[in-house]
Amino acid sequence: MHVSPTVYDLLNCLLFLFPHSWRVWDIQTGQMINELRRNGYVRALKFNSELLITGSDDRTVAVWDFNSPTAITLKRVLRGDPGRVMAVDVTDTYIIAGFGRPDSFIKIWDSCTGGLLHTLQHSEDGLESLQCRGNLLVSGCFGIIRVWNVDTGDCLREWEGHKSFIW
């Protein structure tokens with residue numbers, strides 16, 4: 001299996017979230033090798049082979065170019081509406097962010113252009129988690145799990161049953 005240098009570099013470091021920043025640590029040495037700052041408390045982080053995505057309390061999603069653990073640059077900032085970013089995911093096609101209270105919604109952007117594709121209303125109870133695989137997106141909040149078609153923005157299925165938050 002061929003692993004690109006970017007993915008190999010990322011697999012040899014750890015990413016930790018801190019208030020107003022996220023840090024990159026070398027697994028071999030235990031040394032911090034980079035720290036990047038944001039305005040709000042950084043709550044969520046995901047990556048693929050080219051991009052790192054962070055979401056924070058300032059209602060923004062930061063898109064970072066990841067060239068190496070020491071060469072990370074801010075590519076663009078995507079704006080939400082009310083509510084802090086609780087969860088993010090990234091694929092080769094999409095950047096996805098789940099926003100919490102006061103309204104619980106999901107925004108889906110084109111990962112190449114940053115153009116907004118869909119805004120999905122989840123519920124009024126505060127979205128807590130999401131994950132995308134292929135064209136399916138699963139999101140969870142207080143007692144509700146939904147499955148969405150990312151291409152169309154349609155809700156395909158909904159389950160209720162948990163009596164608390166779904167992390």
# chains A, B, ... in the order shown; residues from 1 in each chain; ligands from 1
>>> select_by_dssp(residues="region 71-130 of chain A", states="strand (DSSP E or B)", output="PyMOL selection string")
chain A and resi 71-79+85-90+94-99+104-110+116-123+129-130
>>> closest_atom_pairs(of="region 44-146 of chain A", to="region 154-157 of chain A", cutoff="12 Å", atoms="only C-alpha atoms", output="tab-separated table")
residue	atom	partner	partner_atom	distance
A:Ile106	CA	A:Cys155	CA	11.7
A:His118	CA	A:Asp154	CA	9.7
A:Thr119	CA	A:Asp154	CA	10.5
A:Leu120	CA	A:Asp154	CA	8.3
A:Gln121	CA	A:Cys155	CA	9.6
A:His122	CA	A:Cys155	CA	9.3
A:Asn135	CA	A:Asp154	CA	11.0
A:Leu136	CA	A:Leu156	CA	9.1
A:Leu137	CA	A:Cys155	CA	9.3
A:Val138	CA	A:Arg157	CA	9.5
A:Ser139	CA	A:Cys155	CA	10.4
A:Ile144	CA	A:Arg157	CA	10.5
A:Ile145	CA	A:Arg157	CA	8.3
A:Arg146	CA	A:Arg157	CA	5.7
>>> atom_distance(atom1="CA of Arg43 (chain A)", atom2="CA of Tyr94 (chain A)")
19.2 Å
>>> residues_around(residues="Thr91 (chain A)", least_positions_apart="5", cutoff="10 Å", atoms="only C-alpha atoms", output="list in words")
Lys46, Phe47, Asn48, Ser49, Glu50, Leu51, Ile96, Asp110, Ser111, Cys132, Arg133, Gly134 and Asn135 of chain A
>>> select_by_dssp(residues="chain A", states="helix (DSSP H, G or I)", output="PyMOL selection string")
chain A and resi 5-11
>>> write_last_selection(atoms="N, CA, C and O atoms", output="PDB file, in the first residue's frame")
ATOM      1  N   PRO A   5       3.313  11.104   1.348  1.00  0.00           N
ATOM      2  CA  PRO A   5       4.103  11.719   2.414  1.00  0.00           C
ATOM      3  C   PRO A   5       3.257  12.505   3.394  1.00  0.00           C
ATOM      4  O   PRO A   5       3.506  12.513   4.581  1.00  0.00           O
ATOM      5  N   THR A   6       2.206  13.149   2.910  1.00  0.00           N
ATOM      6  CA  THR A   6       1.351  13.929   3.802  1.00  0.00           C
ATOM      7  C   THR A   6       0.667  13.024   4.812  1.00  0.00           C
ATOM      8  O   THR A   6       0.688  13.297   6.007  1.00  0.00           O
ATOM      9  N   VAL A   7       0.066  11.943   4.354  1.00  0.00           N
ATOM     10  CA  VAL A   7      -0.615  11.034   5.266  1.00  0.00           C
ATOM     11  C   VAL A   7       0.396  10.379   6.200  1.00  0.00           C
ATOM     12  O   VAL A   7       0.171  10.265   7.399  1.00  0.00           O
ATOM     13  N   TYR A   8       1.557   9.975   5.686  1.00  0.00           N
ATOM     14  CA  TYR A   8       2.587   9.369   6.525  1.00  0.00           C
ATOM     15  C   TYR A   8       3.012  10.338   7.626  1.00  0.00           C
ATOM     16  O   TYR A   8       3.104   9.965   8.792  1.00  0.00           O
ATOM     17  N   ASP A   9       3.263  11.602   7.264  1.00  0.00           N
ATOM     18  CA  ASP A   9       3.647  12.599   8.267  1.00  0.00           C
ATOM     19  C   ASP A   9       2.566  12.764   9.321  1.00  0.00           C
ATOM     20  O   ASP A   9       2.851  12.853  10.510  1.00  0.00           O
ATOM     21  N   LEU A  10       1.305  12.795   8.890  1.00  0.00           N
ATOM     22  CA  LEU A  10       0.217  12.987   9.832  1.00  0.00           C
ATOM     23  C   LEU A  10       0.071  11.780  10.747  1.00  0.00           C
ATOM     24  O   LEU A  10      -0.210  11.925  11.931  1.00  0.00           O
ATOM     25  N   LEU A  11       0.295  10.565  10.223  1.00  0.00           N
ATOM     26  CA  LEU A  11       0.175   9.372  11.053  1.00  0.00           C
ATOM     27  C   LEU A  11       1.293   9.287  12.089  1.00  0.00           C
ATOM     28  O   LEU A  11       1.178   8.556  13.059  1.00  0.00           O
TER      29      LEU A  11
END
>>> residues_around(residues="Ile53 (chain A)", least_positions_apart="4", cutoff="10 Å", atoms="only C-alpha atoms", output="list of chain:residue names")
A:Ala44, A:Leu45, A:Lys46, A:Phe47, A:Asn48, A:Val61, A:Ala62, A:Val63, A:Trp64, A:Asp65, A:Phe66, A:Leu74, A:Val77, A:Val88, A:Asp89, A:Val90, A:Ile95, A:Ile96, A:Ala97
>>> atom_distance(atom1="CA of Lys75 (chain A)", atom2="CA of Gln31 (chain A)")
25.6 Å
>>> closest_residue(among="A:Gly55, A:Glu35, A:Lys107, A:Leu130", to="Thr73 (chain A)", atoms="only C-alpha atoms")
A:Glu35
>>> closest_residue(among="A:Thr60, A:Asp92, A:Leu52, A:Ile27", to="Gly40 (chain A)", atoms="only C-alpha atoms")
A:Thr60
>>> residues_around(residues="Phe99 (chain A)", least_positions_apart="2", cutoff="9 Å", atoms="only C-alpha atoms", output="short mmCIF file (atom, residue, chain, number, x, y, z; two decimals) with N, CA and C atoms, in the first residue's frame")
data_model
loop_
_atom_site.label_atom_id
_atom_site.label_comp_id
_atom_site.auth_asym_id
_atom_site.auth_seq_id
_atom_site.Cartn_x
_atom_site.Cartn_y
_atom_site.Cartn_z
N ARG A 59 -18.19 29.97 15.69
CA ARG A 59 -19.14 29.65 14.62
C ARG A 59 -18.50 29.54 13.25
N GLY A 80 -20.62 29.76 9.71
CA GLY A 80 -21.92 29.17 10.03
C GLY A 80 -22.90 30.28 10.30
N ASP A 81 -23.87 30.00 11.11
CA ASP A 81 -24.83 31.00 11.53
C ASP A 81 -24.81 31.00 13.04
N PRO A 82 -25.96 30.98 13.71
CA PRO A 82 -25.90 30.90 15.17
C PRO A 82 -25.43 29.52 15.61
N GLY A 83 -24.82 29.46 16.74
CA GLY A 83 -24.42 28.18 17.30
C GLY A 83 -22.97 27.83 17.02
N ARG A 84 -22.36 27.20 17.99
CA ARG A 84 -20.96 26.80 17.85
C ARG A 84 -20.84 25.51 17.04
N VAL A 85 -19.68 25.31 16.47
CA VAL A 85 -19.42 24.10 15.69
C VAL A 85 -19.13 22.96 16.67
N MET A 86 -19.93 21.92 16.59
CA MET A 86 -19.79 20.80 17.51
C MET A 86 -19.07 19.60 16.88
N ALA A 87 -19.17 19.45 15.56
CA ALA A 87 -18.57 18.30 14.89
C ALA A 87 -18.25 18.67 13.45
N ALA A 97 -20.05 20.38 8.56
CA ALA A 97 -19.99 20.87 9.94
C ALA A 97 -21.37 20.80 10.58
N ARG A 101 -26.64 24.37 19.57
CA ARG A 101 -27.65 25.35 19.96
C ARG A 101 -27.25 26.77 19.61
N PRO A 102 -28.17 27.66 19.35
CA PRO A 102 -29.60 27.55 19.61
C PRO A 102 -30.35 26.71 18.58
N ASP A 103 -29.88 26.61 17.38
CA ASP A 103 -30.50 25.73 16.38
C ASP A 103 -29.51 24.65 16.04
N SER A 104 -30.03 23.52 15.66
CA SER A 104 -29.17 22.38 15.35
C SER A 104 -29.24 22.14 13.85
N PHE A 105 -28.16 22.45 13.15
CA PHE A 105 -28.17 22.26 11.71
C PHE A 105 -26.81 21.81 11.22
N ILE A 106 -26.78 21.36 9.97
CA ILE A 106 -25.57 20.87 9.33
C ILE A 106 -25.36 21.67 8.05
N LYS A 107 -24.13 22.10 7.83
CA LYS A 107 -23.79 22.76 6.58
C LYS A 107 -22.83 21.87 5.81
N GLY A 126 -29.89 20.39 19.71
CA GLY A 126 -28.44 20.49 19.77
C GLY A 126 -27.70 19.33 19.17
N LEU A 127 -27.22 19.47 17.97
CA LEU A 127 -26.45 18.43 17.30
C LEU A 127 -25.13 18.21 18.03
N GLU A 128 -24.73 16.96 18.20
CA GLU A 128 -23.51 16.64 18.92
C GLU A 128 -22.49 15.87 18.09
#
>>> closest_residue(among="A:Asp26, A:Arg79, A:Asp151, A:Asp58", to="Thr93 (chain A)", atoms="only C-alpha atoms")
A:Asp151
